[in-house]
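Notes for the one structure printed next.
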Amino acid sequence: MFKITRLENGLENIDGFYFGGVNAGFKQTQNDLGFIRSNEPVDVCAVFTSNKFKAAPIRHFLNYPQDFKTNFILLNSKNANAMTGDAGVKDIDEIFNELGKKIKLVNPIMSSTGVIGYRLDKAKIIKAFDSFDFNARSSDAAVNAIMTTDSFKKEIAYEVELKNGEKFHIAAICKGAGMINPCLATMLCFILTDVDIPKYQMQKRLDRACEKSFNTVSVDGDTSTNDTVMLLTSRTNKNYHKKAFKAALEKITKELALMLVKDGEGSSKVVEFCVCGAADDEEAQIAAKALSNSLLVKTALFGEDPNWGRIASTIGASGVECSEDKLEIYYNDILVYDKDHKELDAQRESAAHEVMKQESYKITCDLNIANGTFSAYGCDLGHKYVEINADYRS
């Protein structure tokens, strides 16, 4: 089989890439401009937001022909370059025209996060290119360049050891804390690997991994204009193993997705909503995502209120096949509702309340209809969520 081991230092475990970041003056002290590059053009695949108003960097990416290769990704925070029209796309081309005077570029990509509705300050970005060390390999500098409201950096790396002792590596950096909805979470995520995965499998594997991870989480129910997940491979390692790569990719995206929920703006709890016994997996998914996305449920989680009413009501409102006589609800292993226990007695209410004090726990809703199962992940909404913000971030 294979063994997956966690490594330190994020992207620095992947041969064939360089990465770093600088302060261009958009943030006071932290990095706000970063890059990922390779010596030779590499294969890239991506998953983007479902929002109809896709930001200029995504539109720029989609202008390239299918199956193009790239050797450079420019990253920036504080400005999403979203809702800026054709001018926003043109700004990216002008920025890359200037960068091309310093380093050879092949189909360069830009990825942005920050405030919506403002064009990029091209002069600041271009000036900052003089500070770039294009041969740097600092994962920390790169991940800090994309952080906005994040309270901690999100980077993961794995070494995958095969049965014969051969190894390959996969690593990722990610940002995201607000505007998280199960239509690809609000985020930028860049996944690098050294393994020689067939090109035709890259998009399929990434789509599946996102569906099982980023598309299962919710913080505040909003879907951004800039959501981006990219997978790139340097192909410096020939030890490709289909099942091992699939497992590692799904593991890394799942861990990052849970980090997004943990870092949700104002949240303090990560909750798994497991719906089982549904008519089919699709119905289970509908109900689970309704629970993870419900503001009423989120506020109940924040208040540590074990009353099951909001859970049952949300399932019923989701439109899936269900029956109050068949439904069972558990907080971890504490039964809070079934047809014979429709009122919480003091002992079970106290036990459920203790569960809800934990930083993470599981709410299981068994519909007892058939065998459909799906888990979605959400959080409570705390004090930061209700603060009025002048900046609408992406």
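Chains: A, B, ... in order of the structure tokens. Residues: from 1 per chain. Ligands: from 1, in order shown.
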Spatial neighbours of Leu74 (chain A), max dist 8 Å, only C-alpha atoms, sep filter under 4 positions, as a PyMOL selection string: chain A and resi 33-36+108-111
Let me see the file: selected residues, N, CA, C and O atoms, as a compact mmCIF listing (two decimals), in the first residue's frame.
# COMPACT_ATOMS: atom_id res chain seq x y z
N LEU A 33 2.26 40.69 -1.81
CA LEU A 33 2.52 40.33 -3.20
C LEU A 33 3.46 39.13 -3.21
O LEU A 33 4.52 39.16 -2.58
N GLY A 34 3.07 38.06 -3.89
CA GLY A 34 3.88 36.85 -3.89
C GLY A 34 3.92 36.20 -5.27
O GLY A 34 3.30 36.69 -6.23
N PHE A 35 4.64 35.10 -5.36
CA PHE A 35 4.74 34.41 -6.64
C PHE A 35 5.01 32.93 -6.43
O PHE A 35 5.51 32.50 -5.38
N ILE A 36 4.67 32.17 -7.44
CA ILE A 36 5.07 30.76 -7.59
C ILE A 36 5.57 30.64 -9.02
O ILE A 36 4.88 31.05 -9.96
N PRO A 108 1.62 33.59 -18.08
CA PRO A 108 1.56 33.89 -16.64
C PRO A 108 0.12 34.02 -16.14
O PRO A 108 -0.77 34.45 -16.87
N ILE A 109 -0.05 33.67 -14.88
CA ILE A 109 -1.36 33.67 -14.23
C ILE A 109 -1.32 34.66 -13.06
O ILE A 109 -0.31 34.78 -12.38
N MET A 110 -2.43 35.34 -12.83
CA MET A 110 -2.54 36.17 -11.63
C MET A 110 -3.70 35.67 -10.78
O MET A 110 -4.72 35.21 -11.31
N SER A 111 -3.54 35.76 -9.46
CA SER A 111 -4.60 35.36 -8.55
C SER A 111 -4.66 36.38 -7.43
O SER A 111 -3.64 36.68 -6.80
**Request:** Tell me, as a PyMOL selection string, which residues lie within 10 Å of Cys174 (chain A), counting only C-alpha atoms; anything in the same chain fewer than 3 positions away does not count.
**Result:** chain A and resi 142-144+146-147+150+153-156+187-191+228-229+253+256-257+259-260
Quiz item: Pick the closest to Ala300 (chain A) from A:Ser50, A:Asp380, A:Ala244, A:His353: which is it, counting only C-alpha atoms?
Solution: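 Looking at the shortest contact to Ala300 (chain A), the residue is A:Asp380.
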inquiry  = My list of candidates is A:Lys175, A:Lys289, A:Lys339, A:Lys3. Which is closest to Ala247 (chain A) when distances are computed with only C-alpha atoms?
reply    =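 Nearest candidate to Ala247 (chain A) out of A:Lys175, A:Lys289, A:Lys339, A:Lys3: A:Lys3.
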Practice task
With a distance cut-off of 9 Å and only C-alpha atoms, select the neighbouring residues of Lys102 (chain A), excluding the residue or stretch itself and same-chain residues fewer than 3 positions from it, and output the selection as a PyMOL selection string.
Solution key: chain A and resi 98-99+129-130
Determine, counting only C-alpha atoms, which protein, DNA and RNA residues have an atom within 12 Å of an atom of Arg208 (chain A); residues of the same chain fewer than 4 positions away are not included. Present the result as a list in words.
-> Ala46, Val47, Leu184, Gln201, Met202, Gln203, Lys204, Lys212, Ser213, Phe214, Asn215, Thr216, Lys246, Ala247, Leu249, Glu250, Lys251, Thr253 and Lys254 of chain A
If you run DSSP over the backbone, which residues in region 216-339 of chain A end up helix (DSSP H, G or I)? Put them as a PyMOL selection string. chain A and resi 216+242-262+281-293+295-302+309-317
Nearest to Lys54 (chain A), restricted to only C-alpha atoms and choosing among A:Ser139, A:Thr5, A:Thr193, A:Thr225, comes out as A:Thr225
Here is a test: counting only C-alpha atoms, which residue of A:Ile95, A:Cys274, A:Ile170, A:Leu206 is nearest to Ser234 (chain A)?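 The closest residue to Ser234 (chain A) is A:Ile170.
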*asked:* Would you pick out the contacts of Asn39 (chain A) at 9 Å or less, using only C-alpha atoms, so that residues sharing its chain but fewer than 5 positions from it are not included, and give the list as a list of chain:residue names?
replied: A:Gly16, A:Phe17, A:Tyr18, A:Asn71
Enumerate, as a PDB file with N, CA and C atoms, in the first residue's frame, the complete set of residues in region 49-259 of chain A that a backbone-based DSSP assignment places in strand (DSSP E or B).
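Result file follows (out_7.pdb):
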ATOM      1  N   LYS A  69       0.190  25.560 -20.634  1.00  0.00           N
ATOM      2  CA  LYS A  69       1.162  25.426 -19.556  1.00  0.00           C
ATOM      3  C   LYS A  69       1.601  26.812 -19.109  1.00  0.00           C
ATOM      4  N   THR A  70       2.092  26.910 -17.897  1.00  0.00           N
ATOM      5  CA  THR A  70       2.522  28.181 -17.344  1.00  0.00           C
ATOM      6  C   THR A  70       3.833  28.016 -16.589  1.00  0.00           C
ATOM      7  N   ASN A  71       4.522  29.116 -16.377  1.00  0.00           N
ATOM      8  CA  ASN A  71       5.727  29.062 -15.539  1.00  0.00           C
ATOM      9  C   ASN A  71       5.698  30.117 -14.434  1.00  0.00           C
ATOM     10  N   PHE A  72       4.536  30.813 -14.270  1.00  0.00           N
ATOM     11  CA  PHE A  72       4.520  31.875 -13.267  1.00  0.00           C
ATOM     12  C   PHE A  72       3.097  32.174 -12.806  1.00  0.00           C
ATOM     13  N   ILE A  73       2.936  32.270 -11.470  1.00  0.00           N
ATOM     14  CA  ILE A  73       1.691  32.746 -10.869  1.00  0.00           C
ATOM     15  C   ILE A  73       2.028  33.929  -9.975  1.00  0.00           C
ATOM     16  N   LEU A  74       1.368  35.048 -10.201  1.00  0.00           N
ATOM     17  CA  LEU A  74       1.526  36.243  -9.370  1.00  0.00           C
ATOM     18  C   LEU A  74       0.358  36.314  -8.397  1.00  0.00           C
ATOM     19  N   LEU A  75       0.649  36.478  -7.121  1.00  0.00           N
ATOM     20  CA  LEU A  75      -0.359  36.472  -6.073  1.00  0.00           C
ATOM     21  C   LEU A  75      -0.425  37.847  -5.418  1.00  0.00           C
ATOM     22  N   ASN A  76      -1.627  38.324  -5.121  1.00  0.00           N
ATOM     23  CA  ASN A  76      -1.721  39.566  -4.353  1.00  0.00           C
ATOM     24  C   ASN A  76      -2.926  39.537  -3.426  1.00  0.00           C
ATOM     25  N   ASN A  79      -6.619  43.556  -2.673  1.00  0.00           N
ATOM     26  CA  ASN A  79      -7.412  44.002  -3.815  1.00  0.00           C
ATOM     27  C   ASN A  79      -7.796  42.793  -4.646  1.00  0.00           C
ATOM     28  N   ILE A 109      -0.055  33.672 -14.880  1.00  0.00           N
ATOM     29  CA  ILE A 109      -1.362  33.671 -14.226  1.00  0.00           C
ATOM     30  C   ILE A 109      -1.321  34.656 -13.061  1.00  0.00           C
ATOM     31  N   MET A 110      -2.432  35.339 -12.826  1.00  0.00           N
ATOM     32  CA  MET A 110      -2.538  36.167 -11.634  1.00  0.00           C
ATOM     33  C   MET A 110      -3.703  35.671 -10.783  1.00  0.00           C
ATOM     34  N   SER A 111      -3.542  35.763  -9.464  1.00  0.00           N
ATOM     35  CA  SER A 111      -4.603  35.358  -8.549  1.00  0.00           C
ATOM     36  C   SER A 111      -4.663  36.381  -7.427  1.00  0.00           C
ATOM     37  N   SER A 112      -5.859  36.919  -7.182  1.00  0.00           N
ATOM     38  CA  SER A 112      -6.008  38.056  -6.276  1.00  0.00           C
ATOM     39  C   SER A 112      -7.074  37.802  -5.223  1.00  0.00           C
ATOM     40  N   VAL A 115     -10.435  43.490  -1.483  1.00  0.00           N
ATOM     41  CA  VAL A 115     -11.648  44.297  -1.623  1.00  0.00           C
ATOM     42  C   VAL A 115     -12.140  44.271  -3.072  1.00  0.00           C
ATOM     43  N   ARG A 137      12.801  30.170  -2.129  1.00  0.00           N
ATOM     44  CA  ARG A 137      11.937  29.019  -1.849  1.00  0.00           C
ATOM     45  C   ARG A 137      11.408  29.173  -0.417  1.00  0.00           C
ATOM     46  N   LYS A 154      -2.206  28.868   6.478  1.00  0.00           N
ATOM     47  CA  LYS A 154      -2.684  27.539   6.111  1.00  0.00           C
ATOM     48  C   LYS A 154      -1.751  26.960   5.058  1.00  0.00           C
ATOM     49  N   GLU A 155      -0.892  26.049   5.476  1.00  0.00           N
ATOM     50  CA  GLU A 155       0.009  25.366   4.556  1.00  0.00           C
ATOM     51  C   GLU A 155       0.202  23.939   5.048  1.00  0.00           C
ATOM     52  N   ILE A 156       0.249  23.014   4.123  1.00  0.00           N
ATOM     53  CA  ILE A 156       0.376  21.591   4.448  1.00  0.00           C
ATOM     54  C   ILE A 156       1.300  20.944   3.424  1.00  0.00           C
ATOM     55  N   ALA A 157       2.067  19.964   3.863  1.00  0.00           N
ATOM     56  CA  ALA A 157       2.886  19.171   2.952  1.00  0.00           C
ATOM     57  C   ALA A 157       2.885  17.719   3.408  1.00  0.00           C
ATOM     58  N   TYR A 158       2.880  16.814   2.439  1.00  0.00           N
ATOM     59  CA  TYR A 158       2.937  15.387   2.727  1.00  0.00           C
ATOM     60  C   TYR A 158       4.024  14.720   1.899  1.00  0.00           C
ATOM     61  N   GLU A 159       4.633  13.716   2.499  1.00  0.00           N
ATOM     62  CA  GLU A 159       5.459  12.769   1.767  1.00  0.00           C
ATOM     63  C   GLU A 159       4.668  11.481   1.670  1.00  0.00           C
ATOM     64  N   VAL A 160       4.576  10.934   0.464  1.00  0.00           N
ATOM     65  CA  VAL A 160       3.833   9.691   0.247  1.00  0.00           C
ATOM     66  C   VAL A 160       4.836   8.597  -0.099  1.00  0.00           C
ATOM     67  N   GLU A 161       4.926   7.607   0.772  1.00  0.00           N
ATOM     68  CA  GLU A 161       5.861   6.504   0.566  1.00  0.00           C
ATOM     69  C   GLU A 161       5.095   5.280   0.075  1.00  0.00           C
ATOM     70  N   LEU A 162       5.541   4.754  -1.052  1.00  0.00           N
ATOM     71  CA  LEU A 162       4.889   3.592  -1.654  1.00  0.00           C
ATOM     72  C   LEU A 162       5.441   2.298  -1.056  1.00  0.00           C
ATOM     73  N   LYS A 167       9.066   7.374  -3.152  1.00  0.00           N
ATOM     74  CA  LYS A 167       8.286   8.445  -2.543  1.00  0.00           C
ATOM     75  C   LYS A 167       7.946   9.529  -3.558  1.00  0.00           C
ATOM     76  N   PHE A 168       6.864  10.259  -3.275  1.00  0.00           N
ATOM     77  CA  PHE A 168       6.584  11.509  -3.968  1.00  0.00           C
ATOM     78  C   PHE A 168       6.006  12.487  -2.953  1.00  0.00           C
ATOM     79  N   HIS A 169       5.815  13.750  -3.375  1.00  0.00           N
ATOM     80  CA  HIS A 169       5.438  14.798  -2.428  1.00  0.00           C
ATOM     81  C   HIS A 169       4.307  15.658  -2.981  1.00  0.00           C
ATOM     82  N   ILE A 170       3.538  16.204  -2.075  1.00  0.00           N
ATOM     83  CA  ILE A 170       2.462  17.120  -2.429  1.00  0.00           C
ATOM     84  C   ILE A 170       2.348  18.149  -1.309  1.00  0.00           C
ATOM     85  N   ALA A 171       2.121  19.405  -1.676  1.00  0.00           N
ATOM     86  CA  ALA A 171       2.039  20.478  -0.676  1.00  0.00           C
ATOM     87  C   ALA A 171       1.084  21.549  -1.164  1.00  0.00           C
ATOM     88  N   ALA A 172       0.604  22.370  -0.236  1.00  0.00           N
ATOM     89  CA  ALA A 172      -0.353  23.412  -0.611  1.00  0.00           C
ATOM     90  C   ALA A 172      -0.294  24.578   0.348  1.00  0.00           C
ATOM     91  N   ILE A 173      -0.620  25.766  -0.174  1.00  0.00           N
ATOM     92  CA  ILE A 173      -0.898  26.930   0.650  1.00  0.00           C
ATOM     93  C   ILE A 173      -2.307  27.396   0.333  1.00  0.00           C
ATOM     94  N   CYS A 174      -2.942  28.052   1.303  1.00  0.00           N
ATOM     95  CA  CYS A 174      -4.353  28.383   1.147  1.00  0.00           C
ATOM     96  C   CYS A 174      -4.670  29.615   1.980  1.00  0.00           C
ATOM     97  N   LYS A 175      -5.663  30.403   1.548  1.00  0.00           N
ATOM     98  CA  LYS A 175      -6.192  31.477   2.371  1.00  0.00           C
ATOM     99  C   LYS A 175      -7.717  31.359   2.384  1.00  0.00           C
ATOM    100  N   LEU A 188      -8.208  31.138  -1.893  1.00  0.00           N
ATOM    101  CA  LEU A 188      -7.199  30.874  -2.901  1.00  0.00           C
ATOM    102  C   LEU A 188      -6.427  29.681  -2.392  1.00  0.00           C
ATOM    103  N   CYS A 189      -6.185  28.717  -3.239  1.00  0.00           N
ATOM    104  CA  CYS A 189      -5.438  27.525  -2.846  1.00  0.00           C
ATOM    105  C   CYS A 189      -4.550  27.094  -3.999  1.00  0.00           C
ATOM    106  N   PHE A 190      -3.283  26.856  -3.685  1.00  0.00           N
ATOM    107  CA  PHE A 190      -2.317  26.441  -4.698  1.00  0.00           C
ATOM    108  C   PHE A 190      -1.652  25.161  -4.227  1.00  0.00           C
ATOM    109  N   ILE A 191      -1.856  24.108  -4.997  1.00  0.00           N
ATOM    110  CA  ILE A 191      -1.361  22.779  -4.663  1.00  0.00           C
ATOM    111  C   ILE A 191      -0.249  22.420  -5.640  1.00  0.00           C
ATOM    112  N   LEU A 192       0.915  22.096  -5.099  1.00  0.00           N
ATOM    113  CA  LEU A 192       2.056  21.717  -5.920  1.00  0.00           C
ATOM    114  C   LEU A 192       2.428  20.271  -5.632  1.00  0.00           C
ATOM    115  N   THR A 193       2.833  19.564  -6.667  1.00  0.00           N
ATOM    116  CA  THR A 193       3.338  18.208  -6.501  1.00  0.00           C
ATOM    117  C   THR A 193       4.503  17.989  -7.447  1.00  0.00           C
ATOM    118  N   ASP A 194       5.355  17.036  -7.119  1.00  0.00           N
ATOM    119  CA  ASP A 194       6.485  16.721  -7.992  1.00  0.00           C
ATOM    120  C   ASP A 194       6.216  15.475  -8.831  1.00  0.00           C
ATOM    121  N   VAL A 195       5.076  14.840  -8.620  1.00  0.00           N
ATOM    122  CA  VAL A 195       4.839  13.535  -9.232  1.00  0.00           C
ATOM    123  C   VAL A 195       4.376  13.680 -10.683  1.00  0.00           C
ATOM    124  N   VAL A 217     -17.978  22.672   2.964  1.00  0.00           N
ATOM    125  CA  VAL A 217     -17.852  23.531   4.141  1.00  0.00           C
ATOM    126  C   VAL A 217     -18.624  24.828   3.964  1.00  0.00           C
ATOM    127  N   THR A 228     -10.520  30.215  -6.059  1.00  0.00           N
ATOM    128  CA  THR A 228      -9.594  29.556  -6.982  1.00  0.00           C
ATOM    129  C   THR A 228      -8.853  28.429  -6.276  1.00  0.00           C
ATOM    130  N   VAL A 229      -8.817  27.264  -6.914  1.00  0.00           N
ATOM    131  CA  VAL A 229      -7.965  26.161  -6.482  1.00  0.00           C
ATOM    132  C   VAL A 229      -7.164  25.726  -7.698  1.00  0.00           C
ATOM    133  N   MET A 230      -5.857  25.698  -7.576  1.00  0.00           N
ATOM    134  CA  MET A 230      -5.005  25.281  -8.695  1.00  0.00           C
ATOM    135  C   MET A 230      -4.114  24.123  -8.286  1.00  0.00           C
ATOM    136  N   LEU A 231      -3.876  23.239  -9.219  1.00  0.00           N
ATOM    137  CA  LEU A 231      -2.960  22.115  -9.051  1.00  0.00           C
ATOM    138  C   LEU A 231      -1.910  22.184 -10.152  1.00  0.00           C
ATOM    139  N   LEU A 232      -0.633  22.178  -9.739  1.00  0.00           N
ATOM    140  CA  LEU A 232       0.472  22.221 -10.686  1.00  0.00           C
ATOM    141  C   LEU A 232       1.451  21.096 -10.353  1.00  0.00           C
ATOM    142  N   THR A 233       2.093  20.540 -11.374  1.00  0.00           N
ATOM    143  CA  THR A 233       3.088  19.492 -11.143  1.00  0.00           C
ATOM    144  C   THR A 233       4.369  19.781 -11.901  1.00  0.00           C
ATOM    145  N   SER A 234       5.499  19.589 -11.227  1.00  0.00           N
ATOM    146  CA  SER A 234       6.806  19.790 -11.860  1.00  0.00           C
ATOM    147  C   SER A 234       7.268  18.539 -12.609  1.00  0.00           C
ATOM    148  N   ARG A 235       6.646  17.400 -12.318  1.00  0.00           N
ATOM    149  CA  ARG A 235       6.990  16.112 -12.941  1.00  0.00           C
ATOM    150  C   ARG A 235       8.462  15.739 -12.747  1.00  0.00           C
ATOM    151  N   THR A 236       9.059  16.159 -11.643  1.00  0.00           N
ATOM    152  CA  THR A 236      10.442  15.791 -11.369  1.00  0.00           C
ATOM    153  C   THR A 236      10.541  14.427 -10.693  1.00  0.00           C
ATOM    154  N   ASN A 237       9.410  13.834 -10.366  1.00  0.00           N
ATOM    155  CA  ASN A 237       9.361  12.557  -9.658  1.00  0.00           C
ATOM    156  C   ASN A 237       8.508  11.582 -10.461  1.00  0.00           C
TER     157      ASN A 237
END
How close does region 272-348 of chain A get to region 354-370 of chain A? List, as JSON lines, each residue of region 272-348 of chain A within 6 Å, its nearest atom pair and the distance in Å to one decimal, counting only C-alpha atoms.
{"residue": "A:Glu272", "atom": "CA", "partner": "A:Lys362", "partner_atom": "CA", "distance": 4.7}
{"residue": "A:Phe273", "atom": "CA", "partner": "A:Ile363", "partner_atom": "CA", "distance": 5.0}
{"residue": "A:Cys274", "atom": "CA", "partner": "A:Thr364", "partner_atom": "CA", "distance": 4.7}
{"residue": "A:Val275", "atom": "CA", "partner": "A:Cys365", "partner_atom": "CA", "distance": 4.8}
{"residue": "A:Cys276", "atom": "CA", "partner": "A:Asp366", "partner_atom": "CA", "distance": 4.8}
{"residue": "A:Gly277", "atom": "CA", "partner": "A:Asn368", "partner_atom": "CA", "distance": 4.4}
{"residue": "A:Ala278", "atom": "CA", "partner": "A:Ala370", "partner_atom": "CA", "distance": 5.2}
{"residue": "A:Ala279", "atom": "CA", "partner": "A:Ala370", "partner_atom": "CA", "distance": 4.9}
{"residue": "A:Glu304", "atom": "CA", "partner": "A:Met356", "partner_atom": "CA", "distance": 5.3}
{"residue": "A:Cys322", "atom": "CA", "partner": "A:Leu367", "partner_atom": "CA", "distance": 6.0}
{"residue": "A:Lys326", "atom": "CA", "partner": "A:Asn368", "partner_atom": "CA", "distance": 5.7}
{"residue": "A:Leu327", "atom": "CA", "partner": "A:Leu367", "partner_atom": "CA", "distance": 4.7}
{"residue": "A:Glu328", "atom": "CA", "partner": "A:Asp366", "partner_atom": "CA", "distance": 5.1}
{"residue": "A:Ile329", "atom": "CA", "partner": "A:Cys365", "partner_atom": "CA", "distance": 4.6}
{"residue": "A:Tyr330", "atom": "CA", "partner": "A:Thr364", "partner_atom": "CA", "distance": 5.1}
{"residue": "A:Tyr331", "atom": "CA", "partner": "A:Ile363", "partner_atom": "CA", "distance": 4.7}
{"residue": "A:Asn332", "atom": "CA", "partner": "A:Lys362", "partner_atom": "CA", "distance": 5.0}
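Using only C-alpha atoms, the shortest contact distance between Asp140 (chain A) and any of A:Glu211, A:Glu12, A:Glu321, A:Asp345 is found at A:Glu12.
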